[in-house]
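The next block holds one structure in the form of structure tokens; read it before the comments.
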Amino acid sequence: MSSPRGAGRYAPSPSGDLHFGNLRTALLAWLFARSTGREFYIRVEDVDTQRSSQESAARQLEDLAAIGLDWDGEVLYQHDRFAAYEEALATLPVYECYCSRRDIQEASSAPHVIPGHYPGTCRELSDATRAAKRAELSAQGRVPALRLKAEVTEWTIHDFYAGEVAGEVDDMILRRGGQQPDWAYNLAVVVDDAFQGVDQVVRGDDLLSSAARQGYLAHLLGVSTPEFVHVPLVLNEQGGRLAKRDGAVTLREMGEPLAVVKQLATSLGMEAGSAREMLERFDPAALSRKPWVWK
Ligand code: GLU
């Protein structure tokens, strides 16, 4: 599947219509890929089976086409990739985790724990304790989560804008537990970027903190780490991430696609024009590093 030209991608989660900020990131991913002669793929990240829907994915694809983006090959759906995640998982050091969200919150308020990091509660349990905890969950119709037994606490990746970035790595979840054992985003994204030959990952800079985990996973899986290009988000006037509640923010609510493309161009500090016209003038060095504020 991989192309000798390299590839970029846009990988939306189909849990609602794309908003202006998502469209802007998609346009940037397309501009980066096309301006560097790469293929451009769309990957539907529907690993979260509760929140994803096929209808939402179809609407997202329509909206991406409506703003003038095109892509190569077939759209890849993560729901078709579970066997590949299973295969990758089998090569990684993992352990079962029986913690509830509450257990983790309580344990991670301890003084030596980095906030937001899994404190390692289930890493070194005896076989007998594991069997008892597994049976307890099983009686509730649930399965344990699977976590990576990480050997490092930090990993460095390269970002086009941010340069060398060292980020924290913890015993991340690879497969969620519960009644519906979903695959975790970090594993799916690394396996799929490698499978598709993606060597340029353009996405919102809220994911910069996940890049170290993904770089480490890529290392463990023996696949190459893509170049990351984390781009500024669109924020609302309160400084939060743009969301549906901020008003008419989706393409369908905003009106004519052409007018929306003009607004996208303005937000990128570019002259108004179609996506193709923007491609001719695109200069990544000129992109503002500040978030764009939605008004
Ligand atoms: N599916 C993720 C999202 O919609 C993006 C993942 C990525 O680009 O790595 O936030």
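Every chain in the structure tokens has a letter given in the order shown (A, B, ...), and although residue numbers restart at 1 in each chain, ligands are simply numbered from 1 in the order shown.
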request  = Report as a list in words which protein, DNA and RNA residues come within 8 Å of ligand 1, using only C-alpha atoms and all ligand atoms.
outcome  =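 Counting only what the definition allows, namely only C-alpha atoms and all ligand atoms, the set is Arg9, Tyr10, Ala11, Pro12, Ser13, Pro14, Val44, Glu45, Tyr185, Val189, Val201, Val202, Arg203, Gly204 and Leu207 of chain A.
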Could the residues in this selection be saved with N, CA and C atoms as a JSON list (two decimals), in the first residue's frame?
[["chain", "number", "residue", "atom", "x", "y", "z"],
["A", 9, "ARG", "N", -1.78, 12.27, 5.56],
["A", 9, "ARG", "CA", -3.14, 11.77, 5.76],
["A", 9, "ARG", "C", -3.92, 12.72, 6.65],
["A", 10, "TYR", "N", -5.24, 12.57, 6.56],
["A", 10, "TYR", "CA", -6.12, 13.20, 7.54],
["A", 10, "TYR", "C", -6.95, 12.07, 8.13],
["A", 11, "ALA", "N", -7.05, 12.05, 9.44],
["A", 11, "ALA", "CA", -7.62, 10.87, 10.11],
["A", 11, "ALA", "C", -8.72, 11.26, 11.10],
["A", 12, "PRO", "N", -9.89, 11.64, 10.60],
["A", 12, "PRO", "CA", -10.94, 12.09, 11.51],
["A", 12, "PRO", "C", -11.62, 10.95, 12.28],
["A", 13, "SER", "N", -12.12, 11.27, 13.45],
["A", 13, "SER", "CA", -12.93, 10.32, 14.21],
["A", 13, "SER", "C", -14.39, 10.63, 13.86],
["A", 14, "PRO", "N", -15.14, 9.65, 13.37],
["A", 14, "PRO", "CA", -16.49, 9.95, 12.88],
["A", 14, "PRO", "C", -17.54, 9.99, 13.99],
["A", 44, "VAL", "N", -10.51, 6.75, 8.37],
["A", 44, "VAL", "CA", -11.62, 6.97, 9.31],
["A", 44, "VAL", "C", -11.29, 6.25, 10.62],
["A", 45, "GLU", "N", -11.08, 7.03, 11.67],
["A", 45, "GLU", "CA", -10.64, 6.44, 12.95],
["A", 45, "GLU", "C", -11.85, 6.11, 13.82],
["A", 185, "TYR", "N", -6.51, 4.34, 20.60],
["A", 185, "TYR", "CA", -6.07, 5.25, 19.55],
["A", 185, "TYR", "C", -4.57, 5.17, 19.27],
["A", 189, "VAL", "N", -3.23, 4.13, 15.56],
["A", 189, "VAL", "CA", -2.65, 5.19, 14.73],
["A", 189, "VAL", "C", -1.24, 4.79, 14.26],
["A", 201, "VAL", "N", 2.77, 13.35, 9.31],
["A", 201, "VAL", "CA", 1.53, 13.40, 10.09],
["A", 201, "VAL", "C", 1.22, 14.85, 10.45],
["A", 202, "VAL", "N", 0.22, 15.41, 9.76],
["A", 202, "VAL", "CA", -0.19, 16.79, 10.05],
["A", 202, "VAL", "C", -1.49, 16.71, 10.85],
["A", 203, "ARG", "N", -1.51, 17.34, 12.01],
["A", 203, "ARG", "CA", -2.72, 17.29, 12.85],
["A", 203, "ARG", "C", -2.67, 18.41, 13.87],
["A", 204, "GLY", "N", -3.75, 18.57, 14.63],
["A", 204, "GLY", "CA", -3.85, 19.66, 15.60],
["A", 204, "GLY", "C", -2.81, 19.53, 16.71],
["A", 207, "LEU", "N", -2.46, 17.26, 19.91],
["A", 207, "LEU", "CA", -1.95, 15.89, 19.91],
["A", 207, "LEU", "C", -0.43, 15.82, 20.01]]
query = Do you know which residues are at most 12 Å from Ser209 of chain A counting only C-alpha atoms, after dropping those on the same chain fewer than 5 positions away, and could you put them as a list in words?
reply = Gly116, Glu154, Trp155, Thr156, Ile157, Asp159, Ala162, Val165, Ala166, Gly167, Glu168, Val169, Asp170, Asn186, Arg203, Gly204, Gln214, Gly215, Phe228 and His230 of chain A
Prev. selection, all heavy atoms, output as a compact mmCIF listing (two decimals), in the first residue's frame:
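Dumped to result_12.txt:
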# COMPACT_ATOMS: atom_id res chain seq x y z
N GLY A 116 -1.92 12.62 35.26
CA GLY A 116 -2.37 12.09 33.97
C GLY A 116 -1.68 10.79 33.58
O GLY A 116 -2.05 10.15 32.61
N GLU A 154 10.29 8.70 28.89
CA GLU A 154 10.35 9.86 28.01
C GLU A 154 10.82 9.40 26.63
O GLU A 154 11.59 8.44 26.52
CB GLU A 154 11.36 10.84 28.60
CG GLU A 154 11.25 12.23 28.01
CD GLU A 154 12.28 13.18 28.63
OE1 GLU A 154 11.96 13.76 29.66
OE2 GLU A 154 13.38 13.29 28.06
N TRP A 155 10.36 10.09 25.59
CA TRP A 155 10.79 9.76 24.23
C TRP A 155 10.83 11.06 23.42
O TRP A 155 10.04 11.96 23.68
CB TRP A 155 9.81 8.76 23.60
CG TRP A 155 10.35 8.07 22.39
CD1 TRP A 155 10.04 8.32 21.09
CD2 TRP A 155 11.31 7.00 22.38
NE1 TRP A 155 10.73 7.47 20.27
CE2 TRP A 155 11.52 6.65 21.03
CE3 TRP A 155 12.00 6.30 23.38
CZ2 TRP A 155 12.40 5.63 20.64
CZ3 TRP A 155 12.86 5.29 23.00
CH2 TRP A 155 13.06 4.97 21.64
N THR A 156 11.77 11.14 22.48
CA THR A 156 11.89 12.39 21.71
C THR A 156 11.45 12.17 20.27
O THR A 156 11.83 11.19 19.63
CB THR A 156 13.37 12.87 21.74
OG1 THR A 156 13.73 13.07 23.10
CG2 THR A 156 13.53 14.19 21.00
N ILE A 157 10.64 13.10 19.79
CA ILE A 157 10.21 13.04 18.39
C ILE A 157 10.61 14.36 17.72
O ILE A 157 10.98 15.33 18.39
CB ILE A 157 8.69 12.81 18.24
CG1 ILE A 157 7.88 13.85 19.02
CG2 ILE A 157 8.30 11.42 18.70
CD1 ILE A 157 7.43 15.02 18.26
N ASP A 159 9.31 17.45 15.35
CA ASP A 159 8.14 18.13 14.80
C ASP A 159 8.62 19.25 13.88
O ASP A 159 9.55 19.99 14.22
CB ASP A 159 7.28 18.70 15.92
CG ASP A 159 6.03 19.38 15.38
OD1 ASP A 159 5.04 18.69 15.13
OD2 ASP A 159 6.06 20.63 15.20
N ALA A 162 7.87 22.53 15.92
CA ALA A 162 8.36 22.61 17.31
C ALA A 162 9.79 22.07 17.47
O ALA A 162 10.40 22.24 18.52
CB ALA A 162 7.40 21.86 18.24
N VAL A 165 11.18 17.41 20.30
CA VAL A 165 10.29 17.53 21.46
C VAL A 165 10.37 16.25 22.28
O VAL A 165 10.08 15.16 21.77
CB VAL A 165 8.82 17.76 21.04
CG1 VAL A 165 7.93 17.92 22.26
CG2 VAL A 165 8.70 18.97 20.12
N ALA A 166 10.78 16.40 23.55
CA ALA A 166 10.80 15.24 24.44
C ALA A 166 9.47 15.21 25.17
O ALA A 166 9.02 16.22 25.70
CB ALA A 166 11.94 15.37 25.43
N GLY A 167 8.80 14.08 25.13
CA GLY A 167 7.50 13.98 25.79
C GLY A 167 7.46 12.78 26.71
O GLY A 167 8.28 11.86 26.58
N GLU A 168 6.51 12.81 27.62
CA GLU A 168 6.42 11.72 28.59
C GLU A 168 5.75 10.48 27.99
O GLU A 168 4.85 10.58 27.18
CB GLU A 168 5.62 12.20 29.80
CG GLU A 168 6.43 13.14 30.66
CD GLU A 168 5.58 14.08 31.48
OE1 GLU A 168 4.34 13.95 31.44
OE2 GLU A 168 6.17 14.94 32.15
N VAL A 169 6.23 9.34 28.46
CA VAL A 169 5.66 8.05 28.04
C VAL A 169 5.26 7.30 29.30
O VAL A 169 6.02 7.28 30.27
CB VAL A 169 6.73 7.22 27.27
CG1 VAL A 169 6.24 5.81 27.00
CG2 VAL A 169 7.10 7.91 25.95
N ASP A 170 4.08 6.71 29.31
CA ASP A 170 3.70 5.89 30.46
C ASP A 170 3.20 4.54 29.96
O ASP A 170 3.31 4.23 28.77
CB ASP A 170 2.65 6.61 31.33
CG ASP A 170 1.32 6.76 30.61
OD1 ASP A 170 1.28 6.53 29.37
OD2 ASP A 170 0.32 7.10 31.27
N ASN A 186 -3.74 5.21 20.32
CA ASN A 186 -2.28 5.27 20.09
C ASN A 186 -1.77 4.06 19.31
O ASN A 186 -0.95 4.19 18.41
CB ASN A 186 -1.52 5.35 21.42
CG ASN A 186 -1.51 6.77 21.97
OD1 ASN A 186 -1.27 7.73 21.24
ND2 ASN A 186 -1.81 6.91 23.25
N ARG A 203 -1.51 17.34 12.01
CA ARG A 203 -2.72 17.29 12.85
C ARG A 203 -2.67 18.41 13.87
O ARG A 203 -1.66 19.12 13.98
CB ARG A 203 -2.83 15.93 13.53
CG ARG A 203 -1.65 15.64 14.41
CD ARG A 203 -1.67 14.21 14.94
NE ARG A 203 -0.53 14.00 15.82
CZ ARG A 203 -0.16 12.83 16.29
NH1 ARG A 203 -0.83 11.74 15.95
NH2 ARG A 203 0.87 12.73 17.10
N GLY A 204 -3.75 18.57 14.63
CA GLY A 204 -3.85 19.66 15.60
C GLY A 204 -2.81 19.53 16.71
O GLY A 204 -2.43 18.42 17.09
N GLN A 214 3.57 7.71 20.68
CA GLN A 214 3.47 7.06 19.37
C GLN A 214 4.86 6.77 18.78
O GLN A 214 5.07 5.73 18.15
CB GLN A 214 2.62 7.92 18.43
CG GLN A 214 1.17 7.98 18.92
CD GLN A 214 0.34 9.05 18.25
OE1 GLN A 214 0.76 9.63 17.25
NE2 GLN A 214 -0.83 9.31 18.80
N GLY A 215 5.80 7.69 19.02
CA GLY A 215 7.16 7.47 18.55
C GLY A 215 7.77 6.25 19.23
O GLY A 215 8.45 5.43 18.60
N PHE A 228 6.35 14.65 12.20
CA PHE A 228 5.14 15.25 12.75
C PHE A 228 5.08 16.72 12.39
O PHE A 228 6.11 17.41 12.37
CB PHE A 228 5.10 15.10 14.27
CG PHE A 228 4.95 13.67 14.72
CD1 PHE A 228 6.04 12.95 15.21
CD2 PHE A 228 3.72 13.03 14.63
CE1 PHE A 228 5.90 11.63 15.62
CE2 PHE A 228 3.57 11.71 15.03
CZ PHE A 228 4.66 11.01 15.53
N HIS A 230 2.62 19.46 13.83
CA HIS A 230 1.48 19.83 14.66
C HIS A 230 1.13 21.29 14.40
O HIS A 230 1.99 22.16 14.54
CB HIS A 230 1.79 19.55 16.13
CG HIS A 230 1.81 18.08 16.44
ND1 HIS A 230 2.98 17.34 16.44
CD2 HIS A 230 0.81 17.22 16.71
CE1 HIS A 230 2.68 16.07 16.70
NE2 HIS A 230 1.37 15.97 16.87
request  = Give the strand (DSSP E) residues of segment 25-247 of chain A, as assigned by DSSP on the backbone, as a count of residues only.
outcome  = 45
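Each of A:Ala132, A:Leu31, A:Leu89, A:Leu125 was compared to Gly8 of chain A using only C-alpha atoms, and A:Leu31 turns out to be the nearest.
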inquiry  = Residues within 12 Å of Glu86 of chain A, please, as a PyMOL selection string. Count only C-alpha atoms; anything in the same chain fewer than 4 positions from it doesn't count.
reply    = chain A and resi 80-82+90-92+146+174-175+182-184+187-188+191
Go ahead and write the selection's residues with N, CA and C atoms as a compact mmCIF listing (two decimals), in the first residue's frame.
# COMPACT_ATOMS: atom_id res chain seq x y z
N ASP A 80 -11.87 -2.14 9.93
CA ASP A 80 -11.39 -3.26 9.11
C ASP A 80 -9.98 -3.71 9.50
N ARG A 81 -9.42 -3.10 10.54
CA ARG A 81 -8.01 -3.29 10.83
C ARG A 81 -7.75 -4.03 12.14
N PHE A 82 -8.80 -4.57 12.74
CA PHE A 82 -8.63 -5.16 14.07
C PHE A 82 -7.61 -6.30 14.09
N ALA A 90 0.50 -8.60 19.83
CA ALA A 90 1.16 -9.86 20.19
C ALA A 90 2.68 -9.71 20.26
N THR A 91 3.22 -8.65 19.65
CA THR A 91 4.68 -8.48 19.65
C THR A 91 5.14 -7.53 20.76
N LEU A 92 4.20 -6.97 21.51
CA LEU A 92 4.56 -5.94 22.50
C LEU A 92 4.50 -6.49 23.93
N LEU A 146 -5.59 -3.76 28.42
CA LEU A 146 -4.20 -4.18 28.24
C LEU A 146 -3.33 -2.94 28.13
N LEU A 174 -3.42 -0.12 25.42
CA LEU A 174 -3.36 -0.55 24.02
C LEU A 174 -4.71 -1.12 23.59
N ARG A 175 -5.38 -1.73 24.54
CA ARG A 175 -6.75 -2.17 24.28
C ARG A 175 -7.58 -1.86 25.50
N ASP A 182 -12.52 -2.02 23.15
CA ASP A 182 -12.08 -1.27 21.96
C ASP A 182 -10.56 -1.15 21.90
N TRP A 183 -10.03 -1.07 20.68
CA TRP A 183 -8.62 -0.79 20.49
C TRP A 183 -8.33 0.66 20.84
N ALA A 184 -7.13 0.90 21.35
CA ALA A 184 -6.79 2.27 21.76
C ALA A 184 -6.22 3.05 20.58
N LEU A 187 -2.28 2.88 19.65
CA LEU A 187 -1.82 1.68 18.93
C LEU A 187 -2.32 1.70 17.49
N ALA A 188 -3.61 2.00 17.32
CA ALA A 188 -4.21 1.97 15.98
C ALA A 188 -3.51 2.95 15.04
N VAL A 191 0.07 1.67 14.05
CA VAL A 191 0.00 0.51 13.15
C VAL A 191 -0.48 0.96 11.75
Pull the closest atom pair for each residue of segment 221-267 of chain A that gets at most 12 Å from segment 57-68 of chain A, along with the distance in Å to one decimal, counting only C-alpha atoms, ordering rows by chain and then ascending residue number, as JSON lines.
{"residue": "A:Thr250", "atom": "CA", "partner": "A:Asp63", "partner_atom": "CA", "distance": 9.2}
{"residue": "A:Leu251", "atom": "CA", "partner": "A:Asp63", "partner_atom": "CA", "distance": 6.9}
{"residue": "A:Arg252", "atom": "CA", "partner": "A:Asp63", "partner_atom": "CA", "distance": 8.2}
{"residue": "A:Glu253", "atom": "CA", "partner": "A:Asp63", "partner_atom": "CA", "distance": 11.5}
{"residue": "A:Met254", "atom": "CA", "partner": "A:Asp63", "partner_atom": "CA", "distance": 11.7}
{"residue": "A:Gly255", "atom": "CA", "partner": "A:Ala66", "partner_atom": "CA", "distance": 11.4}
{"residue": "A:Glu256", "atom": "CA", "partner": "A:Ala66", "partner_atom": "CA", "distance": 9.4}
{"residue": "A:Pro257", "atom": "CA", "partner": "A:Ile67", "partner_atom": "CA", "distance": 5.8}
{"residue": "A:Leu258", "atom": "CA", "partner": "A:Ile67", "partner_atom": "CA", "distance": 7.0}
{"residue": "A:Ala259", "atom": "CA", "partner": "A:Ile67", "partner_atom": "CA", "distance": 9.5}
{"residue": "A:Val260", "atom": "CA", "partner": "A:Ile67", "partner_atom": "CA", "distance": 7.7}
{"residue": "A:Val261", "atom": "CA", "partner": "A:Ile67", "partner_atom": "CA", "distance": 6.1}
{"residue": "A:Lys262", "atom": "CA", "partner": "A:Ile67", "partner_atom": "CA", "distance": 9.8}
{"residue": "A:Gln263", "atom": "CA", "partner": "A:Ile67", "partner_atom": "CA", "distance": 11.1}
{"residue": "A:Leu264", "atom": "CA", "partner": "A:Ile67", "partner_atom": "CA", "distance": 9.5}
{"residue": "A:Ala265", "atom": "CA", "partner": "A:Ile67", "partner_atom": "CA", "distance": 11.2}
Take the residues that were just selected and, keeping N, CA and C atoms, output them as a PDB file, in the first residue's frame.
ATOM      1  N   THR A 250     -20.033  24.146  11.691  1.00  0.00           N
ATOM      2  CA  THR A 250     -19.789  23.091  10.701  1.00  0.00           C
ATOM      3  C   THR A 250     -20.040  23.650   9.303  1.00  0.00           C
ATOM      4  N   LEU A 251     -19.534  22.944   8.318  1.00  0.00           N
ATOM      5  CA  LEU A 251     -19.661  23.390   6.929  1.00  0.00           C
ATOM      6  C   LEU A 251     -21.135  23.593   6.576  1.00  0.00           C
ATOM      7  N   ARG A 252     -21.952  22.618   6.961  1.00  0.00           N
ATOM      8  CA  ARG A 252     -23.377  22.699   6.605  1.00  0.00           C
ATOM      9  C   ARG A 252     -24.060  23.866   7.282  1.00  0.00           C
ATOM     10  N   GLU A 253     -23.591  24.213   8.487  1.00  0.00           N
ATOM     11  CA  GLU A 253     -24.197  25.360   9.184  1.00  0.00           C
ATOM     12  C   GLU A 253     -23.659  26.687   8.642  1.00  0.00           C
ATOM     13  N   MET A 254     -22.435  26.645   8.132  1.00  0.00           N
ATOM     14  CA  MET A 254     -21.799  27.897   7.722  1.00  0.00           C
ATOM     15  C   MET A 254     -22.240  28.356   6.336  1.00  0.00           C
ATOM     16  N   GLY A 255     -22.811  27.431   5.574  1.00  0.00           N
ATOM     17  CA  GLY A 255     -23.327  27.853   4.268  1.00  0.00           C
ATOM     18  C   GLY A 255     -22.496  27.371   3.105  1.00  0.00           C
ATOM     19  N   GLU A 256     -22.394  28.204   2.101  1.00  0.00           N
ATOM     20  CA  GLU A 256     -21.747  27.869   0.833  1.00  0.00           C
ATOM     21  C   GLU A 256     -20.306  27.390   1.032  1.00  0.00           C
ATOM     22  N   PRO A 257     -19.955  26.173   0.562  1.00  0.00           N
ATOM     23  CA  PRO A 257     -18.573  25.700   0.732  1.00  0.00           C
ATOM     24  C   PRO A 257     -17.519  26.689   0.241  1.00  0.00           C
ATOM     25  N   LEU A 258     -17.816  27.378  -0.870  1.00  0.00           N
ATOM     26  CA  LEU A 258     -16.798  28.298  -1.411  1.00  0.00           C
ATOM     27  C   LEU A 258     -16.496  29.432  -0.439  1.00  0.00           C
ATOM     28  N   ALA A 259     -17.560  29.915   0.217  1.00  0.00           N
ATOM     29  CA  ALA A 259     -17.381  30.997   1.187  1.00  0.00           C
ATOM     30  C   ALA A 259     -16.578  30.483   2.390  1.00  0.00           C
ATOM     31  N   VAL A 260     -16.811  29.230   2.743  1.00  0.00           N
ATOM     32  CA  VAL A 260     -16.084  28.642   3.875  1.00  0.00           C
ATOM     33  C   VAL A 260     -14.600  28.476   3.516  1.00  0.00           C
ATOM     34  N   VAL A 261     -14.353  28.078   2.268  1.00  0.00           N
ATOM     35  CA  VAL A 261     -12.955  27.935   1.827  1.00  0.00           C
ATOM     36  C   VAL A 261     -12.248  29.298   1.902  1.00  0.00           C
ATOM     37  N   LYS A 262     -12.985  30.354   1.578  1.00  0.00           N
ATOM     38  CA  LYS A 262     -12.406  31.703   1.683  1.00  0.00           C
ATOM     39  C   LYS A 262     -12.022  31.994   3.123  1.00  0.00           C
ATOM     40  N   GLN A 263     -12.936  31.651   4.033  1.00  0.00           N
ATOM     41  CA  GLN A 263     -12.638  31.885   5.451  1.00  0.00           C
ATOM     42  C   GLN A 263     -11.449  31.048   5.919  1.00  0.00           C
ATOM     43  N   LEU A 264     -11.366  29.834   5.384  1.00  0.00           N
ATOM     44  CA  LEU A 264     -10.228  28.975   5.737  1.00  0.00           C
ATOM     45  C   LEU A 264      -8.930  29.637   5.280  1.00  0.00           C
ATOM     46  N   ALA A 265      -8.965  30.173   4.049  1.00  0.00           N
ATOM     47  CA  ALA A 265      -7.769  30.833   3.515  1.00  0.00           C
ATOM     48  C   ALA A 265      -7.380  32.010   4.421  1.00  0.00           C
TER      49      ALA A 265
END
Distance table requested - segment 16-77 of chain A against segment 272-284 of chain A, cut-off 12 Å, only C-alpha atoms: one row per qualifying residue with the closest atom pair and its distance in Å to one decimal, ordered by chain and rising residue number, as CSV.
residue,atom,partner,partner_atom,distance
A:Leu23,CA,A:Ala275,CA,11.6
A:Arg24,CA,A:Ala275,CA,11.0
A:Ala26,CA,A:Ala275,CA,11.1
A:Leu27,CA,A:Ala275,CA,7.6
A:Leu28,CA,A:Pro284,CA,9.1
A:Ala29,CA,A:Pro284,CA,10.9
A:Trp30,CA,A:Leu279,CA,8.8
A:Leu31,CA,A:Leu279,CA,5.8
A:Phe32,CA,A:Pro284,CA,7.6
A:Ala33,CA,A:Leu279,CA,10.0
A:Arg34,CA,A:Leu279,CA,7.5
A:Ser35,CA,A:Leu279,CA,6.6
A:Thr36,CA,A:Leu279,CA,10.4
A:Gly37,CA,A:Leu279,CA,11.3
A:Leu64,CA,A:Ala275,CA,10.9
A:Ala65,CA,A:Ala275,CA,10.5
A:Ala66,CA,A:Ala275,CA,10.3
A:Ile67,CA,A:Ala275,CA,7.1
A:Gly68,CA,A:Ala275,CA,5.6
A:Leu69,CA,A:Ala275,CA,6.9
A:Asp70,CA,A:Ala275,CA,9.8
Write a file of the selected residues as a compact mmCIF listing (two decimals), in the first residue's frame, keeping N, CA and C atoms.
# COMPACT_ATOMS: atom_id res chain seq x y z
N LEU A 23 -11.77 21.25 9.64
CA LEU A 23 -11.61 21.48 8.19
C LEU A 23 -10.29 22.18 7.91
N ARG A 24 -9.93 23.08 8.79
CA ARG A 24 -8.67 23.82 8.63
C ARG A 24 -7.48 22.86 8.75
N ALA A 26 -7.59 19.65 8.19
CA ALA A 26 -7.64 18.76 7.01
C ALA A 26 -7.02 19.46 5.80
N LEU A 27 -7.39 20.73 5.61
CA LEU A 27 -6.84 21.49 4.48
C LEU A 27 -5.32 21.59 4.61
N LEU A 28 -4.84 21.85 5.81
CA LEU A 28 -3.38 21.95 6.01
C LEU A 28 -2.70 20.61 5.72
N ALA A 29 -3.32 19.52 6.17
CA ALA A 29 -2.72 18.19 5.93
C ALA A 29 -2.63 17.96 4.42
N TRP A 30 -3.67 18.33 3.71
CA TRP A 30 -3.70 18.17 2.24
C TRP A 30 -2.64 19.07 1.59
N LEU A 31 -2.55 20.33 2.05
CA LEU A 31 -1.56 21.27 1.47
C LEU A 31 -0.14 20.76 1.70
N PHE A 32 0.13 20.28 2.91
CA PHE A 32 1.47 19.75 3.22
C PHE A 32 1.79 18.56 2.33
N ALA A 33 0.84 17.63 2.23
CA ALA A 33 1.10 16.40 1.44
C ALA A 33 1.28 16.74 -0.04
N ARG A 34 0.34 17.47 -0.57
CA ARG A 34 0.37 17.76 -2.01
C ARG A 34 1.56 18.65 -2.38
N SER A 35 1.90 19.61 -1.53
CA SER A 35 3.00 20.52 -1.88
C SER A 35 4.35 19.84 -1.77
N THR A 36 4.39 18.66 -1.13
CA THR A 36 5.66 17.92 -1.05
C THR A 36 5.62 16.68 -1.95
N GLY A 37 4.62 16.63 -2.85
CA GLY A 37 4.53 15.53 -3.82
C GLY A 37 4.12 14.21 -3.22
N LEU A 64 -15.26 17.06 3.22
CA LEU A 64 -13.86 17.22 2.79
C LEU A 64 -13.80 17.43 1.28
N ALA A 65 -14.63 16.67 0.56
CA ALA A 65 -14.66 16.83 -0.91
C ALA A 65 -15.23 18.21 -1.26
N ALA A 66 -16.24 18.65 -0.49
CA ALA A 66 -16.89 19.93 -0.80
C ALA A 66 -15.95 21.12 -0.67
N ILE A 67 -14.95 21.01 0.21
CA ILE A 67 -13.99 22.13 0.31
C ILE A 67 -12.83 21.97 -0.69
N GLY A 68 -12.92 20.97 -1.53
CA GLY A 68 -11.95 20.86 -2.62
C GLY A 68 -10.78 19.93 -2.36
N LEU A 69 -10.88 19.09 -1.31
CA LEU A 69 -9.78 18.16 -1.07
C LEU A 69 -10.01 16.87 -1.85
N ASP A 70 -8.95 16.29 -2.35
CA ASP A 70 -9.06 14.99 -2.99
C ASP A 70 -8.06 14.06 -2.31
query = Per DSSP on the backbone, what are the helix (DSSP H, G or I) residues of segment 13-259 of chain A, as a VMD selection string?
reply = chain A and resid 20 to 35 54 to 66 78 to 80 82 to 89 101 to 107 127 to 139 185 to 196 205 to 221 244 to 246 251 to 254 257 to 259
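Put simply, atom CA of Pro226 of chain A is 27.5 Å away from atom CA of Gly16 of chain A.
For the pair atom CA of Pro291 of chain A and atom CA of Lys244 of chain A, the interatomic distance is 17.6 Å.
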Separation of atom CA of Arg241 of chain A from atom CA of Arg51 of chain A, in Å and rounded to one decimal =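 Atom-to-atom, atom CA of Arg241 of chain A and atom CA of Arg51 of chain A are spaced 19.3 Å apart.
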ask   = Nearest to Trp292 of chain A: which of A:Gly247, A:Pro93, A:Gly239, A:Gly73 is it, counting only C-alpha atoms?
value =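 Among the listed residues, A:Gly239 lies closest to Trp292 of chain A.
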